[in-house]
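Asks: I'm passing along coords_6.pdb; it holds PDB, C-alpha atoms, pLDDT in the B column.
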ATOM      1  CA  MET A   1       0.000   0.000   0.000  1.00 76.00           C
ATOM      2  CA  ASN A   2       1.496   3.362  -1.032  1.00 91.00           C
ATOM      3  CA  TYR A   3       0.990   6.556   0.934  1.00 92.00           C
ATOM      4  CA  GLU A   4      -1.943   7.887  -1.107  1.00 90.00           C
ATOM      5  CA  GLU A   5      -3.787   4.595  -0.666  1.00 90.00           C
ATOM      6  CA  LYS A   6      -3.201   4.840   3.070  1.00 93.00           C
ATOM      7  CA  VAL A   7      -4.602   8.386   3.086  1.00 94.00           C
ATOM      8  CA  HIS A   8      -7.693   7.237   1.189  1.00 92.00           C
ATOM      9  CA  GLU A   9      -8.242   4.548   3.804  1.00 94.00           C
ATOM     10  CA  ASP A  10      -7.741   7.078   6.636  1.00 95.00           C
ATOM     11  CA  LEU A  11     -10.244   9.435   5.033  1.00 95.00           C
ATOM     12  CA  TYR A  12     -12.777   6.642   4.596  1.00 94.00           C
ATOM     13  CA  HIS A  13     -12.691   5.804   8.326  1.00 94.00           C
ATOM     14  CA  TRP A  14     -12.643   9.487   9.297  1.00 95.00           C
ATOM     15  CA  ARG A  15     -15.755  10.178   7.242  1.00 93.00           C
ATOM     16  CA  ARG A  16     -17.576   7.155   8.648  1.00 92.00           C
ATOM     17  CA  LYS A  17     -16.816   8.353  12.163  1.00 90.00           C
ATOM     18  CA  LEU A  18     -18.104  11.867  11.375  1.00 90.00           C
ATOM     19  CA  THR A  19     -21.353  10.615   9.866  1.00 88.00           C
ATOM     20  CA  ALA A  20     -22.049   7.869  12.420  1.00 84.00           C
ATOM     21  CA  LYS A  21     -25.377   7.958  14.240  1.00 78.00           C
ATOM     22  CA  PRO A  22     -25.055  10.103  17.395  1.00 66.00           C
ATOM     23  CA  SER A  23     -25.045   8.304  20.730  1.00 64.00           C
ATOM     24  CA  MET A  24     -27.937   8.625  23.164  1.00 61.00           C
ATOM     25  CA  VAL A  25     -25.780  10.784  25.448  1.00 57.00           C
ATOM     26  CA  ASN A  26     -25.022  13.180  22.593  1.00 61.00           C
ATOM     27  CA  ARG A  27     -28.680  13.366  21.599  1.00 59.00           C
ATOM     28  CA  LEU A  28     -29.811  14.086  25.157  1.00 59.00           C
ATOM     29  CA  SER A  29     -27.052  16.663  25.614  1.00 58.00           C
ATOM     30  CA  LYS A  30     -28.093  18.459  22.448  1.00 60.00           C
ATOM     31  CA  GLN A  31     -31.732  18.485  23.534  1.00 63.00           C
ATOM     32  CA  VAL A  32     -30.816  20.049  26.882  1.00 60.00           C
ATOM     33  CA  GLN A  33     -28.621  22.675  25.221  1.00 58.00           C
ATOM     34  CA  THR A  34     -31.392  23.508  22.739  1.00 63.00           C
ATOM     35  CA  LYS A  35     -33.916  24.029  25.549  1.00 66.00           C
ATOM     36  CA  VAL A  36     -31.482  26.253  27.444  1.00 57.00           C
ATOM     37  CA  ASN A  37     -30.781  28.323  24.342  1.00 59.00           C
ATOM     38  CA  GLU A  38     -34.504  28.762  23.696  1.00 66.00           C
ATOM     39  CA  LYS A  39     -34.840  30.460  27.091  1.00 64.00           C
ATOM     40  CA  ILE A  40     -32.102  32.982  26.334  1.00 60.00           C
ATOM     41  CA  PRO A  41     -33.593  36.231  24.922  1.00 71.00           C
ATOM     42  CA  ALA A  42     -32.973  36.878  21.224  1.00 73.00           C
ATOM     43  CA  LYS A  43     -31.218  40.146  22.086  1.00 74.00           C
ATOM     44  CA  ILE A  44     -28.624  38.250  24.142  1.00 63.00           C
ATOM     45  CA  HIS A  45     -28.059  35.810  21.275  1.00 64.00           C
ATOM     46  CA  ASP A  46     -27.559  38.764  18.921  1.00 73.00           C
ATOM     47  CA  ILE A  47     -24.978  40.323  21.252  1.00 71.00           C
ATOM     48  CA  ILE A  48     -23.074  37.030  21.614  1.00 65.00           C
ATOM     49  CA  THR A  49     -23.202  36.425  17.862  1.00 73.00           C
ATOM     50  CA  GLU A  50     -21.818  39.870  17.067  1.00 78.00           C
ATOM     51  CA  SER A  51     -19.125  39.531  19.729  1.00 74.00           C
ATOM     52  CA  ILE A  52     -17.900  36.173  18.432  1.00 76.00           C
ATOM     53  CA  LYS A  53     -18.107  37.405  14.828  1.00 81.00           C
ATOM     54  CA  LYS A  54     -15.846  40.363  15.612  1.00 80.00           C
ATOM     55  CA  MET A  55     -13.536  38.201  17.706  1.00 77.00           C
ATOM     56  CA  VAL A  56     -13.121  35.650  14.905  1.00 81.00           C
ATOM     57  CA  GLN A  57     -12.657  38.338  12.259  1.00 78.00           C
ATOM     58  CA  ALA A  58      -9.984  39.990  14.392  1.00 78.00           C
ATOM     59  CA  THR A  59      -8.097  36.711  14.861  1.00 71.00           C
ATOM     60  CA  LEU A  60      -8.364  35.980  11.141  1.00 73.00           C
ATOM     61  CA  ILE A  61      -6.751  39.302  10.317  1.00 75.00           C
ATOM     62  CA  GLY A  62      -4.108  38.890  12.999  1.00 69.00           C
ATOM     63  CA  SER A  63      -3.292  35.345  11.899  1.00 68.00           C
ATOM     64  CA  GLU A  64      -2.936  36.472   8.299  1.00 64.00           C
ATOM     65  CA  TYR A  65      -0.111  38.837   9.204  1.00 61.00           C
ATOM     66  CA  THR A  66       1.634  36.642  11.780  1.00 62.00           C
ATOM     67  CA  THR A  67       1.657  33.363   9.848  1.00 65.00           C
ATOM     68  CA  LYS A  68       4.970  32.540   8.255  1.00 64.00           C
ATOM     69  CA  VAL A  69       4.722  31.288   4.693  1.00 60.00           C
ATOM     70  CA  LYS A  70       5.916  27.691   4.702  1.00 61.00           C
ATOM     71  CA  GLU A  71       8.142  26.148   2.064  1.00 63.00           C
ATOM     72  CA  VAL A  72       5.744  23.991   0.046  1.00 65.00           C
ATOM     73  CA  GLN A  73       6.690  20.334   0.307  1.00 67.00           C
ATOM     74  CA  ASP A  74       6.704  18.214  -2.829  1.00 78.00           C
ATOM     75  CA  SER A  75       4.660  15.314  -1.507  1.00 90.00           C
ATOM     76  CA  LEU A  76       1.511  14.832   0.539  1.00 92.00           C
ATOM     77  CA  GLU A  77       3.413  12.594   2.942  1.00 93.00           C
ATOM     78  CA  LYS A  78       5.949  15.321   3.770  1.00 93.00           C
ATOM     79  CA  LYS A  79       3.144  17.852   4.211  1.00 94.00           C
ATOM     80  CA  ASP A  80       1.352  15.521   6.606  1.00 95.00           C
ATOM     81  CA  GLN A  81       4.523  14.980   8.620  1.00 94.00           C
ATOM     82  CA  LEU A  82       5.053  18.732   8.984  1.00 94.00           C
ATOM     83  CA  VAL A  83       1.411  19.211  10.002  1.00 95.00           C
ATOM     84  CA  GLU A  84       1.728  16.509  12.670  1.00 96.00           C
ATOM     85  CA  GLN A  85       4.725  18.368  14.115  1.00 95.00           C
ATOM     86  CA  THR A  86       2.712  21.603  14.050  1.00 95.00           C
ATOM     87  CA  ILE A  87      -0.232  19.926  15.819  1.00 96.00           C
ATOM     88  CA  ASN A  88       2.053  18.746  18.634  1.00 95.00           C
ATOM     89  CA  THR A  89       3.502  22.241  19.051  1.00 94.00           C
ATOM     90  CA  TYR A  90       0.100  23.907  19.239  1.00 94.00           C
ATOM     91  CA  LYS A  91      -1.303  21.262  21.599  1.00 93.00           C
ATOM     92  CA  ARG A  92       1.453  22.088  24.065  1.00 91.00           C
ATOM     93  CA  THR A  93       0.868  25.821  23.617  1.00 90.00           C
ATOM     94  CA  ALA A  94      -2.882  25.445  24.198  1.00 87.00           C
ATOM     95  CA  ALA A  95      -2.325  23.247  27.258  1.00 86.00           C
ATOM     96  CA  VAL A  96      -0.008  25.800  28.863  1.00 83.00           C
ATOM     97  CA  GLU A  97      -2.476  28.604  28.122  1.00 77.00           C
ATOM     98  CA  GLY A  98      -5.385  26.565  29.522  1.00 72.00           C
ATOM     99  CA  ALA A  99      -3.507  25.695  32.695  1.00 74.00           C
ATOM    100  CA  GLY A 100      -2.515  29.324  33.266  1.00 65.00           C
ATOM    101  CA  THR A 101      -5.972  30.815  32.775  1.00 59.00           C
ATOM    102  CA  GLY A 102      -7.649  27.903  34.574  1.00 52.00           C
ATOM    103  CA  ALA A 103      -5.527  28.458  37.658  1.00 50.00           C
ATOM    104  CA  GLY A 104      -6.337  32.162  37.714  1.00 50.00           C
ATOM    105  CA  GLY A 105      -9.974  31.906  38.738  1.00 50.00           C
ATOM    106  CA  ILE A 106     -13.138  33.068  37.013  1.00 45.00           C
ATOM    107  CA  LEU A 107     -11.813  36.224  35.350  1.00 44.00           C
ATOM    108  CA  LEU A 108      -8.813  34.536  33.753  1.00 47.00           C
ATOM    109  CA  GLY A 109     -10.969  31.502  32.981  1.00 49.00           C
ATOM    110  CA  ILE A 110     -13.256  33.730  30.937  1.00 52.00           C
ATOM    111  CA  ALA A 111     -10.206  35.255  29.234  1.00 53.00           C
ATOM    112  CA  ASP A 112      -9.304  31.746  28.018  1.00 56.00           C
ATOM    113  CA  PHE A 113     -12.098  31.887  25.426  1.00 67.00           C
ATOM    114  CA  PRO A 114     -10.590  34.557  23.133  1.00 75.00           C
ATOM    115  CA  LEU A 115      -7.024  33.379  23.800  1.00 78.00           C
ATOM    116  CA  LEU A 116      -7.802  29.804  22.807  1.00 80.00           C
ATOM    117  CA  LEU A 117      -9.765  31.018  19.784  1.00 82.00           C
ATOM    118  CA  SER A 118      -6.721  32.980  18.650  1.00 84.00           C
ATOM    119  CA  ILE A 119      -4.476  29.926  19.043  1.00 88.00           C
ATOM    120  CA  LYS A 120      -6.892  27.793  17.020  1.00 90.00           C
ATOM    121  CA  MET A 121      -7.104  30.302  14.178  1.00 89.00           C
ATOM    122  CA  LYS A 122      -3.354  30.810  13.989  1.00 90.00           C
ATOM    123  CA  PHE A 123      -2.945  27.035  13.902  1.00 94.00           C
ATOM    124  CA  LEU A 124      -5.383  26.726  10.981  1.00 94.00           C
ATOM    125  CA  PHE A 125      -3.501  29.398   9.041  1.00 93.00           C
ATOM    126  CA  GLU A 126      -0.257  27.485   9.614  1.00 93.00           C
ATOM    127  CA  VAL A 127      -1.805  24.254   8.343  1.00 95.00           C
ATOM    128  CA  ALA A 128      -3.232  25.935   5.226  1.00 94.00           C
ATOM    129  CA  SER A 129       0.206  27.345   4.469  1.00 92.00           C
ATOM    130  CA  ILE A 130       1.853  23.926   4.821  1.00 93.00           C
ATOM    131  CA  TYR A 131      -0.555  22.430   2.292  1.00 94.00           C
ATOM    132  CA  GLY A 132       0.236  25.263  -0.112  1.00 91.00           C
ATOM    133  CA  TYR A 133      -2.924  27.378   0.148  1.00 91.00           C
ATOM    134  CA  ASP A 134      -2.703  31.184   0.133  1.00 89.00           C
ATOM    135  CA  THR A 135      -4.527  32.482   3.208  1.00 88.00           C
ATOM    136  CA  LYS A 136      -4.478  36.022   1.841  1.00 86.00           C
ATOM    137  CA  LYS A 137      -7.287  34.885  -0.460  1.00 87.00           C
ATOM    138  CA  TYR A 138     -10.770  35.458   0.933  1.00 86.00           C
ATOM    139  CA  GLU A 139     -11.963  32.006  -0.148  1.00 89.00           C
ATOM    140  CA  GLU A 140      -9.182  30.350   1.855  1.00 91.00           C
ATOM    141  CA  ARG A 141     -10.166  32.186   5.022  1.00 90.00           C
ATOM    142  CA  ILE A 142     -13.769  31.069   4.498  1.00 90.00           C
ATOM    143  CA  PHE A 143     -12.536  27.494   4.057  1.00 94.00           C
ATOM    144  CA  ILE A 144     -10.701  27.799   7.375  1.00 94.00           C
ATOM    145  CA  LEU A 145     -13.967  28.805   9.068  1.00 92.00           C
ATOM    146  CA  TYR A 146     -15.696  25.741   7.610  1.00 94.00           C
ATOM    147  CA  ILE A 147     -12.935  23.519   9.003  1.00 96.00           C
ATOM    148  CA  PHE A 148     -13.485  25.190  12.373  1.00 93.00           C
ATOM    149  CA  GLN A 149     -17.229  24.498  12.159  1.00 93.00           C
ATOM    150  CA  LEU A 150     -16.654  20.889  11.142  1.00 95.00           C
ATOM    151  CA  ALA A 151     -14.488  20.381  14.232  1.00 93.00           C
ATOM    152  CA  PHE A 152     -16.778  22.153  16.702  1.00 90.00           C
ATOM    153  CA  SER A 153     -20.377  21.448  15.722  1.00 87.00           C
ATOM    154  CA  GLY A 154     -23.207  19.139  16.671  1.00 83.00           C
ATOM    155  CA  ASP A 155     -24.049  16.047  14.641  1.00 83.00           C
ATOM    156  CA  LYS A 156     -26.537  17.583  12.204  1.00 84.00           C
ATOM    157  CA  HIS A 157     -24.526  20.690  11.367  1.00 87.00           C
ATOM    158  CA  ARG A 158     -21.311  18.649  11.180  1.00 91.00           C
ATOM    159  CA  ILE A 159     -22.730  16.490   8.371  1.00 92.00           C
ATOM    160  CA  GLU A 160     -23.913  19.580   6.481  1.00 92.00           C
ATOM    161  CA  THR A 161     -20.477  21.154   6.868  1.00 94.00           C
ATOM    162  CA  LEU A 162     -18.708  17.992   5.724  1.00 95.00           C
ATOM    163  CA  LYS A 163     -20.710  18.140   2.499  1.00 94.00           C
ATOM    164  CA  VAL A 164     -19.491  21.705   1.929  1.00 93.00           C
ATOM    165  CA  ILE A 165     -15.887  20.606   2.502  1.00 94.00           C
ATOM    166  CA  GLU A 166     -16.271  17.704   0.076  1.00 93.00           C
ATOM    167  CA  GLU A 167     -17.786  19.916  -2.632  1.00 92.00           C
ATOM    168  CA  TRP A 168     -15.607  22.962  -1.988  1.00 93.00           C
ATOM    169  CA  GLU A 169     -14.180  23.444  -5.478  1.00 89.00           C
ATOM    170  CA  GLN A 170     -17.662  23.337  -7.018  1.00 88.00           C
ATOM    171  CA  ARG A 171     -19.365  25.509  -4.392  1.00 88.00           C
ATOM    172  CA  LYS A 172     -16.761  27.993  -3.135  1.00 86.00           C
ATOM    173  CA  GLU A 173     -18.018  30.818  -5.362  1.00 83.00           C
ATOM    174  CA  GLU A 174     -21.435  30.728  -3.687  1.00 83.00           C
ATOM    175  CA  LEU A 175     -20.112  30.385  -0.135  1.00 79.00           C
ATOM    176  CA  VAL A 176     -19.190  34.011   0.396  1.00 72.00           C
ATOM    177  CA  GLU A 177     -20.629  34.500   3.876  1.00 78.00           C
ATOM    178  CA  ILE A 178     -20.794  32.587   7.142  1.00 84.00           C
ATOM    179  CA  ASP A 179     -23.986  32.180   9.166  1.00 86.00           C
ATOM    180  CA  TRP A 180     -22.546  33.705  12.337  1.00 85.00           C
ATOM    181  CA  GLN A 181     -25.547  32.818  14.474  1.00 83.00           C
ATOM    182  CA  VAL A 182     -25.101  29.123  13.693  1.00 85.00           C
ATOM    183  CA  PHE A 183     -21.310  29.430  13.951  1.00 87.00           C
ATOM    184  CA  GLN A 184     -21.315  30.806  17.493  1.00 82.00           C
ATOM    185  CA  GLN A 185     -24.150  28.597  18.735  1.00 79.00           C
ATOM    186  CA  GLU A 186     -22.566  25.363  17.531  1.00 83.00           C
ATOM    187  CA  TYR A 187     -19.177  26.349  18.963  1.00 82.00           C
ATOM    188  CA  ARG A 188     -20.639  27.325  22.338  1.00 75.00           C
ATOM    189  CA  ASP A 189     -22.687  24.131  22.566  1.00 74.00           C
ATOM    190  CA  TYR A 190     -19.603  22.055  21.778  1.00 76.00           C
ATOM    191  CA  ILE A 191     -17.314  23.537  24.439  1.00 70.00           C
ATOM    192  CA  ASP A 192     -19.727  24.899  27.090  1.00 57.00           C
ATOM    193  CA  LEU A 193     -19.575  22.011  29.587  1.00 55.00           C
ATOM    194  CA  ILE A 194     -15.812  21.555  29.652  1.00 59.00           C
ATOM    195  CA  LYS A 195     -15.226  25.309  29.823  1.00 57.00           C
ATOM    196  CA  MET A 196     -17.657  25.673  32.713  1.00 54.00           C
ATOM    197  CA  LEU A 197     -15.657  23.022  34.614  1.00 55.00           C
ATOM    198  CA  GLN A 198     -12.552  25.100  33.981  1.00 54.00           C
ATOM    199  CA  LEU A 199     -14.041  27.823  36.191  1.00 52.00           C
ATOM    200  CA  VAL A 200     -14.448  25.498  39.196  1.00 55.00           C
ATOM    201  CA  PRO A 201     -11.921  26.411  41.928  1.00 56.00           C
ATOM    202  CA  GLY A 202      -9.258  23.754  42.355  1.00 55.00           C
ATOM    203  CA  LEU A 203     -10.026  22.105  39.005  1.00 57.00           C
ATOM    204  CA  GLY A 204      -9.356  24.998  36.658  1.00 57.00           C
ATOM    205  CA  ALA A 205      -5.679  24.405  35.863  1.00 66.00           C
ATOM    206  CA  ILE A 206      -6.034  20.658  35.334  1.00 69.00           C
ATOM    207  CA  VAL A 207      -9.250  20.904  33.325  1.00 67.00           C
ATOM    208  CA  GLY A 208      -7.955  23.871  31.314  1.00 70.00           C
ATOM    209  CA  ALA A 209      -4.756  22.120  30.265  1.00 80.00           C
ATOM    210  CA  TYR A 210      -6.498  18.830  29.473  1.00 78.00           C
ATOM    211  CA  ALA A 211      -9.389  20.454  27.600  1.00 80.00           C
ATOM    212  CA  ASN A 212      -7.250  22.764  25.484  1.00 84.00           C
ATOM    213  CA  TYR A 213      -4.799  19.981  24.632  1.00 89.00           C
ATOM    214  CA  ASN A 214      -7.607  17.737  23.405  1.00 88.00           C
ATOM    215  CA  LEU A 215      -9.477  20.513  21.603  1.00 89.00           C
ATOM    216  CA  LEU A 216      -6.334  21.299  19.590  1.00 93.00           C
ATOM    217  CA  ASP A 217      -5.755  17.603  18.937  1.00 94.00           C
ATOM    218  CA  HIS A 218      -9.290  17.294  17.579  1.00 94.00           C
ATOM    219  CA  LEU A 219      -8.969  20.452  15.487  1.00 95.00           C
ATOM    220  CA  GLY A 220      -5.603  19.233  14.173  1.00 96.00           C
ATOM    221  CA  SER A 221      -7.012  15.913  13.004  1.00 96.00           C
ATOM    222  CA  THR A 222      -9.976  17.663  11.384  1.00 97.00           C
ATOM    223  CA  ALA A 223      -7.839  20.230   9.572  1.00 97.00           C
ATOM    224  CA  MET A 224      -5.350  17.654   8.367  1.00 97.00           C
ATOM    225  CA  ASN A 225      -8.057  15.435   6.902  1.00 97.00           C
ATOM    226  CA  CYS A 226      -9.894  18.357   5.286  1.00 97.00           C
ATOM    227  CA  TYR A 227      -6.752  19.470   3.453  1.00 97.00           C
ATOM    228  CA  ARG A 228      -5.839  15.887   2.562  1.00 95.00           C
ATOM    229  CA  LEU A 229      -9.306  15.458   1.078  1.00 95.00           C
ATOM    230  CA  ARG A 230      -9.099  18.724  -0.814  1.00 93.00           C
ATOM    231  CA  THR A 231      -5.602  17.943  -2.114  1.00 91.00           C
ATOM    232  CA  LEU A 232      -6.615  14.539  -3.444  1.00 91.00           C
ATOM    233  CA  ASN A 233      -9.809  15.923  -4.974  1.00 87.00           C
ATOM    234  CA  SER A 234      -7.839  18.629  -6.788  1.00 82.00           C
ATOM    235  CA  GLN A 235      -5.607  15.912  -8.217  1.00 73.00           C
ATOM    236  CA  ASN A 236      -8.646  14.085  -9.604  1.00 61.00           C
ATOM    237  CA  HIS A 237      -8.311  11.202  -7.174  1.00 48.00           C
ATOM    238  CA  LYS A 238     -11.890  11.228  -5.932  1.00 47.00           C
ATOM    239  CA  LYS A 239     -12.797   7.773  -4.662  1.00 48.00           C
ATOM    240  CA  ASP A 240     -15.939   5.866  -3.733  1.00 47.00           C
ATOM    241  CA  PHE A 241     -15.624   6.755  -0.028  1.00 46.00           C
ATOM    242  CA  LEU A 242     -17.029  10.206  -0.868  1.00 49.00           C
ATOM    243  CA  GLN A 243     -20.228   8.789  -2.309  1.00 46.00           C
TER     244      GLN A 243
END
So that I can check it, write out the structure of this file as structure tokens.
Replies:
Amino acid sequence: MNYEEKVHEDLYHWRRKLTAKPSMVNRLSKQVQTKVNEKIPAKIHDIITESIKKMVQATLIGSEYTTKVKEVQDSLEKKDQLVEQTINTYKRTAAVEGAGTGAGGILLGIADFPLLLSIKMKFLFEVASIYGYDTKKYEERIFILYIFQLAFSGDKHRIETLKVIEEWEQRKEELVEIDWQVFQQEYRDYIDLIKMLQLVPGLGAIVGAYANYNLLDHLGSTAMNCYRLRTLNSQNHKKDFLQ
């Protein structure tokens, strides 16, 4: 089995995992979160949406100017190896940040949200650069936001987002705007419980480090597979696992 065949097999199993039927725990959790969100006034949702929108846009701009352009590797295998090294670096960075803010009590625990978001966005810019994509292009920044949504969304929205990723080259011209309401709600629902635990006195540092480490690990795997999929599709290697 050559490397491309191995990647195809990895992508097949990754896709099956993403589209698997949600567990009972996940379904119940989503139902509870939905009921809680329904009780929050629309005005509050609008404020949160606008805040996260501006926060994400700011980190996108900042990441664009702080990301070093990587030397494009000549094979997918070498790109993957460099991305794996990058994932390990950012996991350690996120863990240190989570431990520091988690140990600092409620105020620093709240500050973890924008700090971690910034780390995640900068990481995604780094990964795009490694795979040879120009993040100065608007379409590439939109693609990054779809990767983010794929990593941090509930089951239904995750499947919809996966379809966008799979059909990116055919649909990217029409995907010029993000639904920020859905973006922020899915992200909040995904991380709310673990981040609330980070605010508990005595647990904050441990939970913060563990949570951030695993969130970056999950984002890293998602980003890597999205760019692998896109790279193979662009080389006309689309296989039956996408059907």
Asks: At what distance in Å, to one decimal, does atom CA of A:Tyr190 lie from atom CA of A:Ala151?
Replies: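 Atom-to-atom, atom CA of A:Ala151 to atom CA of A:Tyr190, that is 9.3 Å.
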Asks: Written as number ranges by chain, which residues does the PyMOL selection byres ((chain A and resi 185) around 9) give for the file shown?
Replies: A: 37, 45, 48-49, 153, 180-184, 186-190
Asks: Can you turn the PyMOL selection byres ((chain A and resi 166) around 9) into a concrete residue list for this file, as a list in words?
Replies: Thr161, Leu162, Lys163, Val164, Ile165, Glu167, Trp168, Glu169, Cys226, Leu229, Arg230, Asn233 and Leu242 of chain A
Asks: Assuming 3 Å of padding per side, give the centre and edge lengths of the axis-aligned box around every listed atom of stretch 115-125 of chain A, in Å to one decimal and as JSON.
Replies:
{"center_x": -6.4, "center_y": 30.1, "center_z": 16.4, "size_x": 12.8, "size_y": 12.7, "size_z": 20.8}
Asks: Name the residues that the PyMOL selection byres ((chain A and resi 221) around 12) pulls out of this structure, and write them as JSON, numbers by chain.
Replies: {"A": [10, 11, 14, 15, 18, 80, 83, 84, 86, 87, 88, 91, 123, 124, 127, 147, 148, 150, 151, 214, 215, 216, 217, 218, 219, 220, 222, 223, 224, 225, 226, 227, 228]}
Asks: Considering all atoms listed in the file, state which residue in the set A:Phe152, A:Tyr90, A:Tyr138, A:Tyr133 is at the smallest distance from A:Gln57.
Replies: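 Answer, going by the shortest atom-to-atom distance: A:Tyr138.
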Asks: One number please: atom CA of A:Lys122 to atom CA of A:Gln170, in Å, one decimal.
Replies: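 Distance between the two atoms: 26.5 Å.
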Asks: Work out how far apart atom CA of A:Asp46 and atom CA of A:Asp179 are and give it in Å to one decimal.
Replies: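 Pair atom CA of A:Asp46 / atom CA of A:Asp179 returns 12.3 Å.
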Asks: From the options A:Leu76, A:Ala20, A:Leu115, A:Ala95, which residue's atoms come nearest to A:Met55, counting all atoms listed in the file?
Replies: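 Among the listed residues, the smallest separation from A:Met55 belongs to A:Leu115.
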Asks: Just checking: using only C-alpha atoms, which residue out of A:Gln81, A:Ile61, A:Ala211, A:Arg171 ends up closest to A:Lys137?
Replies: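 Distance minimum relative to A:Lys137 lands on A:Ile61.
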